[in-house]
$ cat protein_5.cif   # mmCIF, C-alpha atoms
data_my_file
loop_
_atom_site.label_atom_id
_atom_site.label_comp_id
_atom_site.auth_asym_id
_atom_site.auth_seq_id
_atom_site.Cartn_x
_atom_site.Cartn_y
_atom_site.Cartn_z
CA MET L 1 0.00 0.00 0.00
CA PRO L 2 1.19 3.59 -0.51
CA TRP L 3 3.35 5.14 2.17
CA SER L 4 1.93 7.97 4.21
CA LYS L 5 3.13 10.41 6.79
CA ALA L 6 0.98 8.60 9.32
CA THR L 7 2.59 5.19 8.74
CA VAL L 8 6.17 6.17 7.93
CA PHE L 9 6.81 9.15 10.16
CA ASN L 10 4.34 8.26 12.91
CA ARG L 11 2.47 11.48 12.23
CA SER L 12 -1.26 11.95 11.79
CA LEU L 13 -2.91 13.43 8.70
CA ILE L 14 -6.24 15.19 8.42
CA THR L 15 -7.94 12.04 7.16
CA SER L 16 -6.78 8.77 5.67
CA SER L 17 -8.83 9.45 2.54
CA TRP L 18 -6.89 12.70 1.98
CA ASP L 19 -3.66 10.75 2.35
CA LEU L 20 -4.65 8.17 -0.23
CA MET L 21 -5.88 10.86 -2.61
CA GLN L 22 -2.68 12.86 -2.59
CA VAL L 23 -0.03 10.17 -3.14
CA ASP L 24 0.95 8.76 -6.53
CA SER L 25 3.55 6.56 -8.23
CA PHE L 26 6.55 8.26 -6.57
CA SER L 27 5.28 7.12 -3.20
CA THR L 28 4.63 3.53 -4.22
CA ASP L 29 7.53 2.67 -6.55
CA LEU L 30 10.42 1.97 -4.20
CA SER L 31 12.61 0.84 -7.10
CA ALA L 32 12.29 4.17 -8.94
CA LYS L 33 15.66 5.68 -9.84
CA ILE L 34 16.12 8.88 -7.81
CA PHE L 35 18.98 11.32 -8.35
CA ILE L 36 19.92 13.52 -5.40
CA ALA L 37 21.96 16.48 -6.64
CA GLY L 38 23.92 17.77 -3.66
CA HIS L 39 23.70 14.61 -1.57
CA ARG L 40 26.65 15.62 0.62
CA GLY L 41 25.05 18.87 1.74
CA MET L 42 22.93 19.25 4.85
CA VAL L 43 19.59 19.01 3.03
CA GLY L 44 20.67 16.53 0.38
CA SER L 45 22.05 14.10 2.95
CA ALA L 46 18.84 14.40 4.99
CA ILE L 47 16.77 13.56 1.90
CA VAL L 48 18.94 10.49 1.29
CA ARG L 49 18.39 9.39 4.90
CA GLN L 50 14.62 9.79 4.57
CA LEU L 51 14.49 7.89 1.29
CA LYS L 52 16.42 4.99 2.79
CA VAL L 53 14.09 4.89 5.79
CA LEU L 54 11.16 4.66 3.39
CA GLY L 55 12.79 1.75 1.58
CA PHE L 56 13.80 3.36 -1.72
CA ASN L 57 16.60 1.21 -3.10
CA ASN L 58 17.72 2.90 -6.32
CA ILE L 59 19.25 6.18 -5.14
CA VAL L 60 21.81 7.77 -7.47
CA THR L 61 24.44 10.22 -6.21
CA ARG L 62 27.59 11.82 -7.57
CA THR L 63 30.35 13.77 -5.85
CA ARG L 64 31.59 16.99 -7.40
CA ALA L 65 34.77 15.17 -8.47
CA GLU L 66 32.59 12.65 -10.33
CA LEU L 67 30.15 15.18 -11.84
CA ASP L 68 30.64 18.93 -12.15
CA LEU L 69 27.08 20.26 -12.15
CA THR L 70 28.23 23.57 -13.65
CA ASP L 71 29.46 21.72 -16.75
CA GLN L 72 26.65 21.41 -19.28
CA LEU L 73 28.18 18.51 -21.23
CA GLN L 74 28.90 16.47 -18.11
CA VAL L 75 25.36 16.95 -16.81
CA ARG L 76 23.76 16.14 -20.15
CA THR L 77 25.85 12.98 -20.50
CA PHE L 78 24.97 11.92 -16.96
CA PHE L 79 21.22 12.25 -17.57
CA GLN L 80 21.43 10.47 -20.91
CA THR L 81 23.32 7.59 -19.29
CA GLU L 82 21.47 7.27 -15.97
CA CYS L 83 17.94 8.32 -17.05
CA PRO L 84 16.65 8.97 -13.51
CA ASP L 85 12.91 8.88 -12.86
CA TYR L 86 12.95 11.59 -10.18
CA VAL L 87 15.35 14.39 -9.25
CA PHE L 88 15.87 16.34 -6.03
CA LEU L 89 17.84 19.46 -6.91
CA ALA L 90 19.45 20.27 -3.56
CA ALA L 91 22.87 21.23 -4.95
CA ALA L 92 23.86 24.88 -4.60
CA LYS L 93 26.73 27.19 -3.75
CA VAL L 94 25.80 28.52 -0.32
CA GLY L 95 27.36 30.72 2.34
CA GLY L 96 26.76 33.41 4.92
CA ILE L 97 26.72 37.19 4.56
CA HIS L 98 30.51 37.44 4.40
CA ALA L 99 30.81 34.89 1.59
CA ASN L 100 27.92 36.43 -0.36
CA ASN L 101 29.51 39.86 -0.13
CA GLU L 102 32.98 38.64 -1.10
CA TYR L 103 32.02 36.36 -4.00
CA PRO L 104 28.76 37.64 -5.59
CA ALA L 105 29.79 36.60 -9.12
CA ASP L 106 30.55 33.06 -7.98
CA PHE L 107 27.20 32.78 -6.21
CA ILE L 108 25.08 33.90 -9.12
CA TYR L 109 27.08 32.11 -11.82
CA GLU L 110 27.46 28.72 -10.17
CA ASN L 111 23.87 28.53 -8.98
CA LEU L 112 22.49 29.58 -12.36
CA MET L 113 24.62 26.99 -14.12
CA ILE L 114 23.69 24.17 -11.74
CA GLU L 115 19.96 24.91 -12.06
CA SER L 116 19.98 25.45 -15.80
CA ASN L 117 22.00 22.34 -16.57
CA ILE L 118 20.01 20.00 -14.35
CA ILE L 119 16.54 21.31 -15.19
CA HIS L 120 17.17 21.34 -18.95
CA SER L 121 18.79 17.90 -18.90
CA ALA L 122 15.92 16.56 -16.79
CA HIS L 123 13.54 17.78 -19.47
CA GLN L 124 15.58 16.18 -22.23
CA ALA L 125 15.78 12.88 -20.34
CA LYS L 126 12.01 12.93 -19.73
CA VAL L 127 12.36 12.85 -15.95
CA LYS L 128 8.96 12.19 -14.38
CA ARG L 129 9.28 14.81 -11.68
CA LEU L 130 11.85 17.23 -10.29
CA LEU L 131 11.91 19.13 -7.01
CA PHE L 132 13.97 22.32 -6.87
CA LEU L 133 15.07 23.64 -3.48
CA GLY L 134 15.28 27.39 -3.13
CA SER L 135 15.57 29.77 -0.19
CA SER L 136 13.48 32.27 1.77
CA CYS L 137 15.88 35.01 0.61
CA ILE L 138 13.88 35.13 -2.66
CA TYR L 139 11.41 37.44 -0.96
CA PRO L 140 11.71 41.24 -0.82
CA LYS L 141 13.65 42.74 2.06
CA LEU L 142 10.55 44.56 3.29
CA ALA L 143 8.01 41.84 2.53
CA GLU L 144 4.94 41.77 4.74
CA GLN L 145 5.22 39.24 7.56
CA PRO L 146 4.61 36.35 7.49
CA MET L 147 5.88 36.07 3.91
CA LYS L 148 3.40 34.53 1.50
CA GLU L 149 4.38 32.88 -1.78
CA SER L 150 2.64 35.77 -3.57
CA ALA L 151 5.27 38.21 -2.21
CA LEU L 152 7.74 36.99 -4.84
CA LEU L 153 8.95 39.78 -7.17
CA THR L 154 6.98 42.49 -5.35
CA GLY L 155 9.96 44.50 -4.05
CA LEU L 156 13.71 44.94 -3.68
CA LEU L 157 15.81 42.08 -2.36
CA GLU L 158 18.25 42.19 0.55
CA SER L 159 21.42 43.58 -1.04
CA THR L 160 23.86 41.31 0.80
CA ASN L 161 22.58 38.15 -0.89
CA GLU L 162 20.86 39.52 -3.99
CA PRO L 163 22.95 37.50 -6.50
CA TYR L 164 22.13 34.23 -4.70
CA ALA L 165 18.45 35.19 -4.42
CA ILE L 166 18.25 36.09 -8.12
CA ALA L 167 19.64 32.67 -9.01
CA LYS L 168 17.07 30.95 -6.80
CA ILE L 169 14.24 32.97 -8.34
CA ALA L 170 15.53 31.95 -11.76
CA GLY L 171 15.35 28.32 -10.65
CA ILE L 172 11.66 28.69 -9.78
CA LYS L 173 10.96 30.34 -13.12
CA LEU L 174 12.91 27.69 -15.01
CA CYS L 175 10.70 25.02 -13.47
CA GLU L 176 7.53 26.95 -14.24
CA SER L 177 8.62 27.71 -17.81
CA TYR L 178 9.36 24.08 -18.64
CA ASN L 179 6.03 23.12 -17.11
CA ARG L 180 4.18 25.66 -19.24
CA GLN L 181 5.96 24.93 -22.51
CA TYR L 182 6.56 21.20 -22.29
CA GLY L 183 4.09 19.93 -19.70
CA SER L 184 6.86 18.94 -17.30
CA ASP L 185 6.22 18.26 -13.63
CA PHE L 186 8.92 20.38 -12.00
CA ARG L 187 8.18 21.75 -8.53
CA SER L 188 9.85 24.17 -6.12
CA VAL L 189 10.03 24.46 -2.34
CA MET L 190 11.39 27.45 -0.42
CA PRO L 191 12.74 26.61 3.04
CA THR L 192 13.18 28.98 5.94
CA ASN L 193 16.42 28.99 7.99
CA LEU L 194 17.61 25.39 8.30
CA TYR L 195 19.80 23.71 10.91
CA GLY L 196 20.72 20.21 12.02
CA PRO L 197 23.15 17.37 11.26
CA GLY L 198 25.55 18.20 8.45
CA ASP L 199 25.44 21.95 9.11
CA ASN L 200 28.38 24.28 8.51
CA PHE L 201 30.06 25.21 11.79
CA HIS L 202 32.78 27.44 10.31
CA PRO L 203 33.54 30.30 12.78
CA GLU L 204 33.08 33.00 10.11
CA ASN L 205 30.86 31.55 7.38
CA SER L 206 28.22 29.68 9.37
CA HIS L 207 24.63 30.74 10.05
CA VAL L 208 23.28 31.77 13.44
CA ILE L 209 22.43 28.39 15.01
CA PRO L 210 25.69 26.54 14.24
CA ALA L 211 27.61 29.71 15.10
CA LEU L 212 25.94 29.93 18.51
CA LEU L 213 26.31 26.22 19.24
CA ARG L 214 30.03 26.37 18.54
CA ARG L 215 30.51 29.67 20.38
CA PHE L 216 28.82 28.49 23.58
CA HIS L 217 30.60 25.13 23.43
CA GLU L 218 34.03 26.70 23.07
CA ALA L 219 33.21 29.28 25.75
CA THR L 220 32.42 26.42 28.14
CA GLU L 221 35.69 24.67 27.29
CA ALA L 222 37.66 27.90 27.81
CA GLY L 223 35.83 28.84 31.00
CA GLN L 224 34.76 32.20 29.59
CA ALA L 225 32.60 34.32 31.90
CA GLU L 226 30.47 35.72 29.09
CA VAL L 227 29.53 35.27 25.44
CA GLU L 228 28.91 38.35 23.31
CA ILE L 229 26.21 38.30 20.66
CA TRP L 230 25.85 41.04 18.10
CA GLY L 231 22.69 43.14 18.11
CA SER L 232 19.95 43.71 20.63
CA GLY L 233 18.54 40.19 20.57
CA LYS L 234 15.11 41.53 19.60
CA PRO L 235 14.87 40.42 15.93
CA MET L 236 12.71 37.36 15.35
CA ARG L 237 13.70 34.42 13.17
CA GLU L 238 12.17 31.12 12.12
CA PHE L 239 14.16 27.88 12.18
CA LEU L 240 13.38 24.47 10.67
CA HIS L 241 15.20 21.23 11.42
CA VAL L 242 16.70 19.69 8.30
CA ASP L 243 14.96 16.34 8.92
CA ASP L 244 11.63 18.16 8.84
CA MET L 245 12.76 19.82 5.63
CA ALA L 246 13.62 16.47 4.06
CA GLU L 247 10.26 15.06 5.07
CA ALA L 248 8.48 18.07 3.57
CA CYS L 249 10.42 17.59 0.32
CA LEU L 250 9.33 13.98 0.04
CA HIS L 251 5.77 14.97 0.87
CA VAL L 252 5.63 17.61 -1.86
CA MET L 253 7.36 15.29 -4.33
CA GLY L 254 4.82 12.58 -3.54
CA LEU L 255 1.72 14.69 -4.09
CA SER L 256 -0.32 13.72 -7.11
CA ARG L 257 -0.02 16.11 -10.02
CA THR L 258 -3.71 16.96 -9.68
CA ILE L 259 -3.45 17.91 -6.01
CA TYR L 260 -0.32 20.02 -6.58
CA ALA L 261 -1.90 21.84 -9.52
CA GLU L 262 -5.09 22.54 -7.59
CA HIS L 263 -3.16 24.35 -4.85
CA THR L 264 -0.68 26.31 -6.98
CA GLN L 265 -0.65 28.48 -10.11
CA ASP L 266 1.27 28.11 -13.36
CA MET L 267 3.38 31.19 -12.63
CA LEU L 268 3.26 31.03 -8.83
CA SER L 269 3.97 27.40 -8.14
CA HIS L 270 6.53 27.38 -5.32
CA VAL L 271 5.69 26.27 -1.79
CA ASN L 272 7.07 27.75 1.43
CA VAL L 273 8.51 25.27 3.93
CA GLY L 274 8.82 26.31 7.55
CA THR L 275 7.35 25.97 11.00
CA GLY L 276 5.08 29.01 10.89
CA THR L 277 6.50 30.19 14.23
CA ASP L 278 9.53 32.25 15.18
CA VAL L 279 11.61 33.22 18.22
CA THR L 280 13.70 36.21 19.19
CA ILE L 281 17.45 35.94 18.86
CA ARG L 282 17.60 36.44 22.63
CA LYS L 283 15.36 33.44 23.24
CA LEU L 284 17.36 31.41 20.74
CA ALA L 285 20.61 32.29 22.50
CA GLU L 286 19.15 31.37 25.90
CA THR L 287 17.98 28.01 24.52
CA VAL L 288 21.38 27.28 22.97
CA LYS L 289 23.01 28.21 26.29
CA ALA L 290 20.83 25.68 28.08
CA VAL L 291 21.40 22.96 25.46
CA THR L 292 25.19 23.35 25.60
CA GLY L 293 25.31 23.66 29.40
CA TYR L 294 27.12 26.99 29.34
CA GLN L 295 27.15 28.60 32.80
CA GLY L 296 28.30 32.14 31.97
CA GLU L 297 26.44 35.28 30.95
CA ILE L 298 25.07 36.36 27.59
CA VAL L 299 25.93 39.92 26.59
CA PHE L 300 24.18 41.59 23.66
CA ASN L 301 26.17 44.23 21.80
CA SER L 302 23.49 46.73 20.77
CA ASP L 303 26.06 48.81 18.87
CA MET L 304 26.05 46.11 16.17
CA PRO L 305 23.25 45.96 13.57
CA ASP L 306 20.18 43.80 14.10
CA GLY L 307 19.24 43.20 10.48
CA ALA L 308 15.60 42.74 9.52
CA PRO L 309 13.29 42.86 12.55
CA ARG L 310 11.42 39.73 11.49
CA LYS L 311 11.58 36.97 8.85
CA LEU L 312 8.75 34.49 9.03
CA MET L 313 7.32 32.23 6.34
CA ASP L 314 3.60 31.82 5.75
CA VAL L 315 3.13 28.03 5.59
CA GLY L 316 -0.62 28.00 5.01
CA LEU L 317 -0.22 26.45 1.56
CA LEU L 318 2.01 23.65 2.84
CA ASN L 319 -0.42 22.95 5.67
CA ALA L 320 -3.28 22.82 3.16
CA LEU L 321 -1.26 20.24 1.23
CA GLY L 322 -1.25 18.03 4.31
CA TRP L 323 2.12 18.64 5.98
CA SER L 324 3.38 20.53 9.02
CA ALA L 325 6.66 20.56 10.94
CA SER L 326 6.97 18.41 14.07
CA ILE L 327 10.49 18.82 15.52
CA ARG L 328 10.49 21.31 18.38
CA LEU L 329 13.33 23.82 18.48
CA ASN L 330 14.75 22.59 21.79
CA ASP L 331 14.78 18.98 20.60
CA GLY L 332 16.28 19.94 17.26
CA LEU L 333 19.01 22.02 18.88
CA THR L 334 19.87 19.15 21.21
CA GLN L 335 20.26 16.81 18.24
CA ALA L 336 22.31 19.37 16.29
CA TYR L 337 24.60 19.92 19.28
CA ARG L 338 25.08 16.17 19.70
CA TRP L 339 26.06 15.94 16.04
CA PHE L 340 28.53 18.81 16.47
CA ILE L 341 30.14 17.09 19.47
CA GLU L 342 30.52 13.87 17.49
CA HIS L 343 32.20 15.71 14.60
CA GLN L 344 33.96 18.59 16.38
CA GLU L 345 37.46 17.36 15.58
CA SER L 346 36.80 18.05 11.90
CA PHE L 347 35.77 21.62 12.78
CA ARG L 348 38.69 22.44 15.07
CA GLN L 349 40.91 22.97 12.05
CA GLN L 350 38.56 25.63 10.64
#

$ encode --input "protein_5.cif" --output "structure tokens"
Amino acid sequence: MPWSKATVFNRSLITSSWDLMQVDSFSTDLSAKIFIAGHRGMVGSAIVRQLKVLGFNNIVTRTRAELDLTDQLQVRTFFQTECPDYVFLAAAKVGGIHANNEYPADFIYENLMIESNIIHSAHQAKVKRLLFLGSSCIYPKLAEQPMKESALLTGLLESTNEPYAIAKIAGIKLCESYNRQYGSDFRSVMPTNLYGPGDNFHPENSHVIPALLRRFHEATEAGQAEVEIWGSGKPMREFLHVDDMAEACLHVMGLSRTIYAEHTQDMLSHVNVGTGTDVTIRKLAETVKAVTGYQGEIVFNSDMPDGAPRKLMDVGLLNALGWSASIRLNDGLTQAYRWFIEHQESFRQQ
């Protein structure tokens, strides 16, 4: 029988009839050939884990040394040879504010090439379905909160990551354009801030959660009396555990074409993925302090900029499609910290 969130993830759906109505061949064909582009990244590796839990046994992956996704000929040859049934496009050049500011040309070029090569080759190889993973940075800097899918292209982007955001918007529009012209079934999901196993804990290039986990951990080891955090602590941010993200990706990929089409539009087809709730940076820092066991004080440096006051995704569409996040922030942070401890030797050299 078809898999469901209720049976596989021990989660309840609205009704069993809804569950049966929304799934299709992706959910029932465990031998389908599935290509995960970016399988070594945080999200890609989480998707691989979820697929294996579900029993999929024909997962195709390639390292960058084996397949340069920015090389059109290599990608085309790969698709012609492997002929995957389904594709998760989780590969991307990513980084924090510093990296985006230092290498804007690299970010827009590499991401555009990866998306263009894979999406076009997927079309040529007659891939049954593709899921493109974007980012919440696609929305305008001053978008109304929470950010709805309809906010796309309604205002100016945040300047620090505009090249990356433009590339991600192009990925959405590539999927929609191939759907409109060729009848493809290419879909897009836009995650909020992600964290969890496989995250980047680099001291300069990491995002807020891995940065805080490492900072509090090292402060405990060094016996530091206080940890300084930039800003006032008042801005609010939304965070989603990567395992929830992977589950949401499989859920959206597994929706029947009819159900997906009924809830989206030809030129507004992407789906936000998040928790629908947010916390202040102060509350986040206090939670990380508790998770890591740090005994010192937290000091907020209000002379440093706060950034946007709030960034929250509207997840009404995703909820209407039958999925909602389940991993609580405290539990997710505990798991992420455990993963960091297990792999900290590899980060000490950074």

$ resolve_selection --input "protein_5.cif" --expression "the PyMOL selection byres ((chain L and resi 249) around 9)" --output "JSON list (two decimals) with C-alpha atoms, keeping the file's coordinate frame"
[["chain", "number", "residue", "atom", "x", "y", "z"],
["L", 47, "ILE", "CA", 16.77, 13.56, 1.90],
["L", 88, "PHE", "CA", 15.87, 16.34, -6.03],
["L", 131, "LEU", "CA", 11.91, 19.13, -7.01],
["L", 133, "LEU", "CA", 15.07, 23.64, -3.48],
["L", 189, "VAL", "CA", 10.03, 24.46, -2.34],
["L", 244, "ASP", "CA", 11.63, 18.16, 8.84],
["L", 245, "MET", "CA", 12.76, 19.82, 5.63],
["L", 246, "ALA", "CA", 13.62, 16.47, 4.06],
["L", 247, "GLU", "CA", 10.26, 15.06, 5.07],
["L", 248, "ALA", "CA", 8.48, 18.07, 3.57],
["L", 250, "LEU", "CA", 9.33, 13.98, 0.04],
["L", 251, "HIS", "CA", 5.77, 14.97, 0.87],
["L", 252, "VAL", "CA", 5.63, 17.61, -1.86],
["L", 253, "MET", "CA", 7.36, 15.29, -4.33],
["L", 254, "GLY", "CA", 4.82, 12.58, -3.54],
["L", 273, "VAL", "CA", 8.51, 25.27, 3.93]]

$ resolve_selection --input "protein_5.cif" --expression "the PyMOL selection byres ((chain L and resi 200) around 10)" --output "PyMOL selection string"
chain L and resi 41-42+95-96+195-199+201-203+205-207+209-211+340+347

$ closest_atom_pairs --input "protein_5.cif" --of "range 46-94 of chain L" --to "range 156-172 of chain L" --cutoff "12 Å" --atoms "only C-alpha atoms" --output "tab-separated table"
residue	atom	partner	partner_atom	distance
L:Leu89	CA	L:Gly171	CA	9.9
L:Ala90	CA	L:Lys168	CA	11.4
L:Ala91	CA	L:Lys168	CA	11.5
L:Ala92	CA	L:Lys168	CA	9.4
L:Lys93	CA	L:Tyr164	CA	8.5
L:Val94	CA	L:Tyr164	CA	8.1

$ resolve_selection --input "protein_5.cif" --expression "the PyMOL selection byres ((chain L and resi 174-178) around 10)" --output "ChimeraX atom specification"
/L:115-116,119-120,123,130-132,168-173,179-188,265-270

$ atom_distance --input "protein_5.cif" --atom1 "CA of Leu255 in chain L" --atom2 "CA of Phe239 in chain L"
24.4 Å

$ decode --input "protein_5.cif" --residues "range 48-142 of chain L" --atoms "C-alpha atoms" --output "PDB file, in the first residue's frame"
ATOM      1  CA  VAL L  48      18.944  10.487   1.287  1.00  0.00           C
ATOM      2  CA  ARG L  49      18.386   9.386   4.896  1.00  0.00           C
ATOM      3  CA  GLN L  50      14.621   9.790   4.573  1.00  0.00           C
ATOM      4  CA  LEU L  51      14.494   7.890   1.285  1.00  0.00           C
ATOM      5  CA  LYS L  52      16.416   4.986   2.786  1.00  0.00           C
ATOM      6  CA  VAL L  53      14.093   4.886   5.790  1.00  0.00           C
ATOM      7  CA  LEU L  54      11.160   4.659   3.388  1.00  0.00           C
ATOM      8  CA  GLY L  55      12.787   1.751   1.578  1.00  0.00           C
ATOM      9  CA  PHE L  56      13.802   3.360  -1.718  1.00  0.00           C
ATOM     10  CA  ASN L  57      16.597   1.207  -3.105  1.00  0.00           C
ATOM     11  CA  ASN L  58      17.725   2.902  -6.319  1.00  0.00           C
ATOM     12  CA  ILE L  59      19.249   6.180  -5.140  1.00  0.00           C
ATOM     13  CA  VAL L  60      21.809   7.765  -7.465  1.00  0.00           C
ATOM     14  CA  THR L  61      24.444  10.217  -6.209  1.00  0.00           C
ATOM     15  CA  ARG L  62      27.592  11.819  -7.570  1.00  0.00           C
ATOM     16  CA  THR L  63      30.347  13.774  -5.847  1.00  0.00           C
ATOM     17  CA  ARG L  64      31.591  16.993  -7.397  1.00  0.00           C
ATOM     18  CA  ALA L  65      34.767  15.167  -8.471  1.00  0.00           C
ATOM     19  CA  GLU L  66      32.592  12.653 -10.326  1.00  0.00           C
ATOM     20  CA  LEU L  67      30.149  15.177 -11.842  1.00  0.00           C
ATOM     21  CA  ASP L  68      30.635  18.933 -12.151  1.00  0.00           C
ATOM     22  CA  LEU L  69      27.084  20.258 -12.153  1.00  0.00           C
ATOM     23  CA  THR L  70      28.226  23.572 -13.645  1.00  0.00           C
ATOM     24  CA  ASP L  71      29.465  21.720 -16.752  1.00  0.00           C
ATOM     25  CA  GLN L  72      26.649  21.405 -19.281  1.00  0.00           C
ATOM     26  CA  LEU L  73      28.179  18.513 -21.232  1.00  0.00           C
ATOM     27  CA  GLN L  74      28.898  16.466 -18.107  1.00  0.00           C
ATOM     28  CA  VAL L  75      25.360  16.952 -16.811  1.00  0.00           C
ATOM     29  CA  ARG L  76      23.756  16.141 -20.152  1.00  0.00           C
ATOM     30  CA  THR L  77      25.845  12.975 -20.504  1.00  0.00           C
ATOM     31  CA  PHE L  78      24.971  11.922 -16.960  1.00  0.00           C
ATOM     32  CA  PHE L  79      21.223  12.249 -17.567  1.00  0.00           C
ATOM     33  CA  GLN L  80      21.433  10.466 -20.910  1.00  0.00           C
ATOM     34  CA  THR L  81      23.315   7.589 -19.289  1.00  0.00           C
ATOM     35  CA  GLU L  82      21.471   7.269 -15.970  1.00  0.00           C
ATOM     36  CA  CYS L  83      17.943   8.320 -17.046  1.00  0.00           C
ATOM     37  CA  PRO L  84      16.648   8.971 -13.511  1.00  0.00           C
ATOM     38  CA  ASP L  85      12.914   8.883 -12.856  1.00  0.00           C
ATOM     39  CA  TYR L  86      12.946  11.591 -10.180  1.00  0.00           C
ATOM     40  CA  VAL L  87      15.351  14.385  -9.252  1.00  0.00           C
ATOM     41  CA  PHE L  88      15.866  16.337  -6.028  1.00  0.00           C
ATOM     42  CA  LEU L  89      17.842  19.462  -6.908  1.00  0.00           C
ATOM     43  CA  ALA L  90      19.447  20.271  -3.556  1.00  0.00           C
ATOM     44  CA  ALA L  91      22.865  21.235  -4.953  1.00  0.00           C
ATOM     45  CA  ALA L  92      23.861  24.882  -4.602  1.00  0.00           C
ATOM     46  CA  LYS L  93      26.731  27.187  -3.745  1.00  0.00           C
ATOM     47  CA  VAL L  94      25.801  28.521  -0.319  1.00  0.00           C
ATOM     48  CA  GLY L  95      27.360  30.720   2.343  1.00  0.00           C
ATOM     49  CA  GLY L  96      26.761  33.410   4.921  1.00  0.00           C
ATOM     50  CA  ILE L  97      26.717  37.188   4.560  1.00  0.00           C
ATOM     51  CA  HIS L  98      30.515  37.439   4.396  1.00  0.00           C
ATOM     52  CA  ALA L  99      30.811  34.890   1.589  1.00  0.00           C
ATOM     53  CA  ASN L 100      27.925  36.428  -0.364  1.00  0.00           C
ATOM     54  CA  ASN L 101      29.513  39.864  -0.133  1.00  0.00           C
ATOM     55  CA  GLU L 102      32.979  38.640  -1.103  1.00  0.00           C
ATOM     56  CA  TYR L 103      32.018  36.359  -4.004  1.00  0.00           C
ATOM     57  CA  PRO L 104      28.764  37.638  -5.587  1.00  0.00           C
ATOM     58  CA  ALA L 105      29.788  36.604  -9.117  1.00  0.00           C
ATOM     59  CA  ASP L 106      30.547  33.060  -7.981  1.00  0.00           C
ATOM     60  CA  PHE L 107      27.205  32.779  -6.212  1.00  0.00           C
ATOM     61  CA  ILE L 108      25.076  33.900  -9.124  1.00  0.00           C
ATOM     62  CA  TYR L 109      27.078  32.110 -11.821  1.00  0.00           C
ATOM     63  CA  GLU L 110      27.462  28.722 -10.170  1.00  0.00           C
ATOM     64  CA  ASN L 111      23.874  28.533  -8.982  1.00  0.00           C
ATOM     65  CA  LEU L 112      22.487  29.581 -12.363  1.00  0.00           C
ATOM     66  CA  MET L 113      24.622  26.990 -14.120  1.00  0.00           C
ATOM     67  CA  ILE L 114      23.691  24.171 -11.736  1.00  0.00           C
ATOM     68  CA  GLU L 115      19.964  24.908 -12.057  1.00  0.00           C
ATOM     69  CA  SER L 116      19.975  25.449 -15.803  1.00  0.00           C
ATOM     70  CA  ASN L 117      22.004  22.343 -16.573  1.00  0.00           C
ATOM     71  CA  ILE L 118      20.007  20.000 -14.350  1.00  0.00           C
ATOM     72  CA  ILE L 119      16.539  21.313 -15.190  1.00  0.00           C
ATOM     73  CA  HIS L 120      17.173  21.339 -18.948  1.00  0.00           C
ATOM     74  CA  SER L 121      18.793  17.901 -18.897  1.00  0.00           C
ATOM     75  CA  ALA L 122      15.918  16.562 -16.786  1.00  0.00           C
ATOM     76  CA  HIS L 123      13.535  17.785 -19.474  1.00  0.00           C
ATOM     77  CA  GLN L 124      15.577  16.185 -22.233  1.00  0.00           C
ATOM     78  CA  ALA L 125      15.782  12.879 -20.336  1.00  0.00           C
ATOM     79  CA  LYS L 126      12.011  12.930 -19.728  1.00  0.00           C
ATOM     80  CA  VAL L 127      12.364  12.855 -15.950  1.00  0.00           C
ATOM     81  CA  LYS L 128       8.959  12.186 -14.385  1.00  0.00           C
ATOM     82  CA  ARG L 129       9.280  14.814 -11.678  1.00  0.00           C
ATOM     83  CA  LEU L 130      11.853  17.233 -10.285  1.00  0.00           C
ATOM     84  CA  LEU L 131      11.908  19.132  -7.007  1.00  0.00           C
ATOM     85  CA  PHE L 132      13.967  22.318  -6.870  1.00  0.00           C
ATOM     86  CA  LEU L 133      15.066  23.635  -3.479  1.00  0.00           C
ATOM     87  CA  GLY L 134      15.276  27.388  -3.130  1.00  0.00           C
ATOM     88  CA  SER L 135      15.566  29.774  -0.188  1.00  0.00           C
ATOM     89  CA  SER L 136      13.478  32.271   1.766  1.00  0.00           C
ATOM     90  CA  CYS L 137      15.882  35.006   0.606  1.00  0.00           C
ATOM     91  CA  ILE L 138      13.883  35.130  -2.658  1.00  0.00           C
ATOM     92  CA  TYR L 139      11.407  37.440  -0.956  1.00  0.00           C
ATOM     93  CA  PRO L 140      11.713  41.245  -0.825  1.00  0.00           C
ATOM     94  CA  LYS L 141      13.647  42.742   2.060  1.00  0.00           C
ATOM     95  CA  LEU L 142      10.548  44.559   3.285  1.00  0.00           C
TER      96      LEU L 142
END
